[in-house]
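As stored in run.csv (CSV, C-alpha atoms):
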chain,number,residue,atom,x,y,z
A,1,MET,CA,0.0,0.0,0.0
A,2,ARG,CA,1.5,3.3,-1.1
A,3,ILE,CA,1.0,6.2,1.4
A,4,PRO,CA,1.5,9.8,0.2
A,5,GLY,CA,3.4,12.3,2.4
A,6,THR,CA,6.8,13.0,3.8
A,7,ALA,CA,9.1,10.4,5.3
A,8,GLN,CA,8.1,11.5,8.8
A,9,GLU,CA,4.4,11.3,7.9
A,10,LYS,CA,4.9,7.8,6.4
A,11,ARG,CA,6.7,6.7,9.5
A,12,GLY,CA,3.9,8.0,11.7
A,13,PHE,CA,1.3,6.2,9.6
A,14,GLN,CA,3.3,3.0,10.1
A,15,TYR,CA,3.7,3.6,13.8
A,16,PHE,CA,0.0,4.0,14.2
A,17,PHE,CA,-0.9,0.7,12.7
A,18,THR,CA,1.9,-1.3,14.3
A,19,ASN,CA,1.6,0.3,17.8
A,20,THR,CA,-1.1,2.8,18.4
A,21,ALA,CA,-4.0,0.9,16.9
A,22,ARG,CA,-3.2,-2.1,19.2
A,23,GLU,CA,-3.4,0.2,22.3
A,24,LEU,CA,-6.7,1.6,21.2
A,25,THR,CA,-8.1,-1.8,20.5
A,26,GLY,CA,-7.0,-3.3,23.8
A,27,TYR,CA,-7.8,-6.9,24.4
A,28,TYR,CA,-10.6,-7.0,21.9
A,29,ALA,CA,-10.7,-7.3,18.1
A,30,SER,CA,-11.9,-4.1,16.4
A,31,SER,CA,-12.9,-3.9,12.8
A,32,PHE,CA,-12.6,-0.2,13.0
A,33,TRP,CA,-9.1,0.2,14.3
A,34,GLU,CA,-7.7,-2.9,12.5
A,35,TYR,CA,-9.3,-2.6,9.0
A,36,LEU,CA,-11.7,0.2,8.4
A,37,ILE,CA,-9.5,3.1,9.4
A,38,LEU,CA,-6.5,1.6,7.7
A,39,GLN,CA,-8.2,1.5,4.3
A,40,ALA,CA,-9.9,4.8,4.7
A,41,SER,CA,-6.9,6.8,5.9
A,42,ALA,CA,-4.8,5.6,3.1
A,43,ALA,CA,-7.2,7.3,0.7
A,44,GLU,CA,-8.5,10.3,2.7
A,45,PRO,CA,-6.0,13.1,3.7
A,46,SER,CA,-8.1,14.3,6.7
A,47,LEU,CA,-8.0,10.8,8.2
A,48,ARG,CA,-4.4,10.2,7.3
A,49,HIS,CA,-3.1,13.3,9.0
A,50,ALA,CA,-5.3,12.7,12.0
A,51,VAL,CA,-3.9,9.1,12.3
A,52,VAL,CA,-0.3,10.5,12.1
A,53,ALA,CA,-1.1,13.1,14.7
A,54,ILE,CA,-2.3,10.5,17.2
A,55,ALA,CA,0.7,8.3,16.5
A,56,ALA,CA,3.1,11.2,17.1
A,57,LEU,CA,1.5,11.9,20.5
A,58,HIS,CA,1.4,8.2,21.4
A,59,GLU,CA,5.1,7.8,20.5
A,60,GLU,CA,6.0,10.9,22.6
A,61,PHE,CA,4.1,9.5,25.6
A,62,THR,CA,5.8,6.1,25.2
A,63,ASN,CA,9.2,7.6,24.9
A,64,LYS,CA,8.6,9.7,28.1
A,65,ARG,CA,7.5,6.6,30.0
A,66,LEU,CA,10.5,4.6,28.9
A,67,GLY,CA,12.9,7.6,29.6
A,68,ARG,CA,14.0,7.8,25.9
A,69,SER,CA,13.2,11.4,25.2
A,70,SER,CA,14.9,14.7,25.7
A,71,PRO,CA,13.1,18.1,26.2
A,72,GLY,CA,14.0,19.3,22.7
A,73,HIS,CA,12.8,16.1,21.1
A,74,ASP,CA,9.5,16.3,23.0
A,75,ASN,CA,8.8,19.8,21.7
A,76,SER,CA,9.6,18.7,18.1
A,77,GLU,CA,7.2,15.7,18.4
A,78,SER,CA,4.4,17.9,19.9
A,79,ARG,CA,4.8,20.5,17.1
A,80,PHE,CA,4.6,17.8,14.5
A,81,ALA,CA,1.5,16.2,16.1
A,82,ILE,CA,-0.3,19.6,16.3
A,83,ASN,CA,0.7,20.4,12.7
A,84,GLN,CA,-0.7,17.1,11.5
A,85,TYR,CA,-3.9,17.7,13.5
A,86,MET,CA,-4.3,21.1,11.9
A,87,LYS,CA,-3.8,19.7,8.4
A,88,ALA,CA,-6.5,17.1,9.1
A,89,VAL,CA,-9.0,19.7,10.3
A,90,SER,CA,-8.1,21.9,7.2
A,91,HIS,CA,-8.6,19.1,4.8
A,92,LEU,CA,-12.0,18.2,6.4
A,93,ARG,CA,-13.2,21.8,6.4
A,94,ARG,CA,-12.3,22.2,2.7
A,95,SER,CA,-14.1,19.1,1.7
A,96,LEU,CA,-17.2,20.0,3.7
A,97,SER,CA,-17.2,23.5,2.2
A,98,ALA,CA,-17.1,22.0,-1.3
A,99,GLY,CA,-19.8,19.5,-0.5
A,100,LYS,CA,-17.5,16.6,-1.4
A,101,GLN,CA,-17.0,15.0,2.0
A,102,ALA,CA,-18.5,11.6,2.5
A,103,PRO,CA,-20.5,11.4,5.8
A,104,LEU,CA,-18.5,8.3,6.9
A,105,THR,CA,-15.2,10.1,6.4
A,106,ALA,CA,-16.4,13.0,8.4
A,107,LEU,CA,-17.7,10.7,11.1
A,108,MET,CA,-14.4,8.8,11.3
A,109,SER,CA,-12.5,12.2,11.4
A,110,CYS,CA,-14.6,13.3,14.4
A,111,LEU,CA,-13.7,10.1,16.2
A,112,LEU,CA,-10.0,10.6,15.5
A,113,PHE,CA,-10.2,14.2,16.6
A,114,VAL,CA,-11.8,13.2,19.9
A,115,CYS,CA,-9.0,10.7,20.5
A,116,PHE,CA,-6.3,13.3,19.7
A,117,ASP,CA,-7.8,16.0,22.0
A,118,TYR,CA,-8.3,13.6,24.9
A,119,LEU,CA,-4.7,12.6,24.6
A,120,ARG,CA,-3.7,16.3,24.8
A,121,GLY,CA,-6.0,16.8,27.7
A,122,HIS,CA,-8.3,19.2,25.8
A,123,SER,CA,-11.6,17.9,27.0
A,124,ASP,CA,-13.7,20.8,25.8
A,125,SER,CA,-12.5,20.5,22.2
A,126,ALA,CA,-12.9,16.7,22.4
A,127,MET,CA,-16.5,17.1,23.5
A,128,MET,CA,-17.3,19.4,20.6
A,129,HIS,CA,-16.0,16.8,18.1
A,130,LEU,CA,-17.9,14.1,20.0
A,131,GLN,CA,-21.1,16.2,19.6
A,132,SER,CA,-20.5,16.7,15.9
A,133,GLY,CA,-20.0,13.0,15.4
A,134,LEU,CA,-23.2,12.2,17.2
A,135,GLU,CA,-25.1,14.6,14.9
A,136,ILE,CA,-23.6,12.9,11.8
A,137,LEU,CA,-24.6,9.5,13.2
A,138,ARG,CA,-28.1,10.7,13.8
A,139,ASP,CA,-28.4,12.0,10.2
A,140,LEU,CA,-27.0,8.8,8.6
A,141,GLY,CA,-30.6,7.4,8.5
A,142,SER,CA,-31.1,9.2,5.2
A,143,ARG,CA,-27.9,7.8,3.6
A,144,SER,CA,-27.2,4.6,1.8
A,145,GLU,CA,-27.9,1.3,3.5
A,146,GLU,CA,-24.2,0.4,3.2
A,147,ASP,CA,-23.1,3.6,5.0
A,148,ARG,CA,-25.7,2.9,7.7
A,149,ASP,CA,-24.5,-0.7,8.2
A,150,ILE,CA,-20.9,0.3,8.5
A,151,ALA,CA,-21.7,3.1,11.0
A,152,GLN,CA,-24.0,1.0,13.1
A,153,GLN,CA,-21.7,-2.0,13.2
A,154,SER,CA,-18.2,-0.5,13.5
A,155,ILE,CA,-18.4,3.2,14.4
A,156,ALA,CA,-21.6,3.8,16.5
A,157,PRO,CA,-20.4,1.4,19.3
A,158,LEU,CA,-17.2,3.4,19.7
A,159,PHE,CA,-19.1,6.7,19.9
A,160,MET,CA,-21.4,5.2,22.5
A,161,ARG,CA,-18.5,4.1,24.7
A,162,LEU,CA,-16.7,7.4,24.3
A,163,SER,CA,-19.8,9.3,25.1
A,164,ALA,CA,-20.6,7.3,28.3
A,165,GLN,CA,-16.9,7.6,29.5
A,166,SER,CA,-16.8,11.3,28.7
A,167,ILE,CA,-20.0,12.1,30.7
A,168,LEU,CA,-18.9,10.0,33.6
A,169,TYR,CA,-15.2,10.9,33.9
A,170,ILE,CA,-14.3,13.9,31.7
A,171,ASP,CA,-17.2,16.2,31.0
A,172,THR,CA,-17.0,19.2,33.3
A,173,ARG,CA,-20.4,20.7,32.3
A,174,ASN,CA,-23.3,21.1,34.7
A,175,SER,CA,-25.7,18.2,35.3
A,176,PHE,CA,-28.4,19.7,33.1
A,177,ASP,CA,-26.1,19.9,30.1
A,178,LYS,CA,-24.8,16.4,30.8
A,179,ARG,CA,-28.3,15.0,30.8
A,180,ARG,CA,-29.2,16.9,27.6
A,181,PHE,CA,-26.1,15.4,26.0
A,182,ALA,CA,-27.0,11.9,27.3
A,183,LYS,CA,-30.5,12.2,25.7
A,184,GLN,CA,-28.9,12.5,22.3
A,185,LEU,CA,-27.6,9.0,22.7
A,186,MET,CA,-31.1,7.7,22.5
A,187,HIS,CA,-31.1,8.5,18.8
A,188,ILE,CA,-27.9,6.5,18.0
A,189,LYS,CA,-28.6,3.2,16.4
A,190,THR,CA,-26.2,0.2,16.7
A,191,LYS,CA,-26.4,-3.3,15.4
A,192,GLU,CA,-27.9,-4.8,18.6
A,193,PRO,CA,-28.8,-8.5,18.9
A,194,ALA,CA,-32.5,-9.3,19.5
A,195,LEU,CA,-31.6,-11.3,22.6
A,196,ILE,CA,-28.4,-11.8,24.6
A,197,PRO,CA,-27.4,-15.5,24.0
A,198,GLU,CA,-26.8,-18.0,26.8
A,199,SER,CA,-23.3,-18.6,25.5
A,200,PHE,CA,-21.0,-16.6,23.2
A,201,GLU,CA,-19.0,-17.7,20.1
A,202,ASP,CA,-16.0,-15.4,21.0
A,203,LEU,CA,-14.8,-12.6,23.2
A,204,GLU,CA,-15.9,-9.9,20.8
A,205,GLU,CA,-19.5,-11.2,20.8
A,206,ALA,CA,-19.5,-11.2,24.6
A,207,ARG,CA,-18.1,-7.6,24.7
A,208,TYR,CA,-20.8,-6.5,22.2
A,209,ALA,CA,-23.6,-7.9,24.4
A,210,LEU,CA,-22.0,-6.2,27.4
A,211,ASP,CA,-21.9,-2.9,25.5
A,212,VAL,CA,-25.6,-3.2,24.7
A,213,ALA,CA,-26.6,-3.9,28.3
A,214,THR,CA,-24.3,-1.1,29.6
A,215,ASN,CA,-25.5,1.5,27.2
A,216,GLY,CA,-29.1,0.7,28.0
A,217,LEU,CA,-28.5,1.0,31.8
A,218,PHE,CA,-26.4,4.2,31.3
A,219,ARG,CA,-29.0,5.9,29.3
A,220,VAL,CA,-31.9,5.0,31.6
A,221,PHE,CA,-30.2,5.8,34.9
A,222,TYR,CA,-28.2,8.8,33.9
A,223,ILE,CA,-31.0,10.5,32.0
A,224,CYS,CA,-33.5,9.8,34.9
A,225,ASP,CA,-30.9,11.0,37.5
A,226,GLY,CA,-31.9,14.3,39.0
A,227,LYS,CA,-35.4,14.5,37.4

The structure in this file should be written as structure tokens.
Amino acid sequence: MRIPGTAQEKRGFQYFFTNTARELTGYYASSFWEYLILQASAAEPSLRHAVVAIAALHEEFTNKRLGRSSPGHDNSESRFAINQYMKAVSHLRRSLSAGKQAPLTALMSCLLFVCFDYLRGHSDSAMMHLQSGLEILRDLGSRSEEDRDIAQQSIAPLFMRLSAQSILYIDTRNSFDKRRFAKQLMHIKTKEPALIPESFEDLEEARYALDVATNGLFRVFYICDGK
């Protein structure tokens, strides 16, 4: 697979898919981090620059933890990461302004921007991107069946997890705004099983069922809290 860009950008792209994606996936398989974002970011500049930006931050954190970095090197990596992030945002804005941006690409960009801003500790900006992504997810009902299937199967569950974690642990807004944000999750559709089976075929299926149950409980109890 040929990846456009500078040598540093190509290295960052490789670092993401050999190191960062594994950290984001954790112990579970993820079609989004392992396949979907790889294929899409190779073709879409906004996704590619966002992936490289996240990789640069991840490598910087890793080097600090292992004691491999120097202050000057840290600043260089941070500047490179922010530069890549700004390029990603710029590409996305131009495509949106021209009406040429596919909704799925915009949705994946929002998810990557959320990850980048959380890594930097910029929770307010991350929440704005999360909000934008939820709005795109809500509007995907009028798009093609293929787009809806991809979003519901691979992307919506990630947004649901991020939203719940953000409200519980990161969001600093007041309770009213948090409940209003939580209500938006009621409109997000995922590929949910009709019934939770008595046994699971694999760990991914078990996690998916747990997500369904957790999301339902979160929405009911959090939205009702304080009423």

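Shortest atom-to-atom contact with Arg148 in chain A among A:Leu104, A:Ala206, A:Leu111, A:Leu119: A:Leu104, counting only C-alpha atoms.
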
Here is a test: counting only C-alpha atoms, which residue of A:Gly121, A:Pro197, A:Gly99, A:Pro4 is nearest to Ala209 in chain A? A:Pro197

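Interatomic distance, CA of Ile37 in chain A against CA of Ala81 in chain A: 18.4 Å.
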
Would you tabulate, counting only C-alpha atoms, all residues of range 89-142 of chain A that have an atom at most 9 Å from an atom of range 150-163 of chain A, showing the closest pair of atoms and their distance in Å to one decimal, sorted by chain then ascending number, as CSV?
residue,atom,partner,partner_atom,distance
A:Leu104,CA,A:Ala151,CA,7.4
A:Leu107,CA,A:Ile155,CA,8.2
A:Met108,CA,A:Ile155,CA,7.5
A:Leu111,CA,A:Phe159,CA,7.4
A:Val114,CA,A:Leu162,CA,8.8
A:Met127,CA,A:Ser163,CA,8.6
A:Leu130,CA,A:Ser163,CA,7.3
A:Gln131,CA,A:Ser163,CA,8.9
A:Gly133,CA,A:Phe159,CA,7.8
A:Leu134,CA,A:Phe159,CA,7.4
A:Leu137,CA,A:Ala156,CA,7.2
A:Leu140,CA,A:Ala151,CA,8.1

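The shell of residues at most 9 Å from Leu38 in chain A, with all atoms listed in the file counted and near chain neighbours (fewer than 6 positions) removed, consists of A:Phe17, A:Phe32, A:Arg48.
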
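By all atoms listed in the file, and with residues fewer than 4 positions from Gln8 in chain A along its chain excluded, the set lying at most 10 Å from it is A:Gly12, A:Phe13, A:Gln14, A:Val52, A:Ala56, A:Phe80.
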
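If you measure from each of A:Met86, A:Pro103, A:Ser125, A:Thr25 to Glu146 in chain A using all atoms listed in the file, the closest one turns out to be A:Pro103.
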
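CA of Gln84 in chain A is positioned 5.1 Å from CA of His49 in chain A.
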
Separating CA of Thr20 in chain A from CA of Ile136 in chain A, to the nearest tenth of an Å, is a gap of 25.5 Å
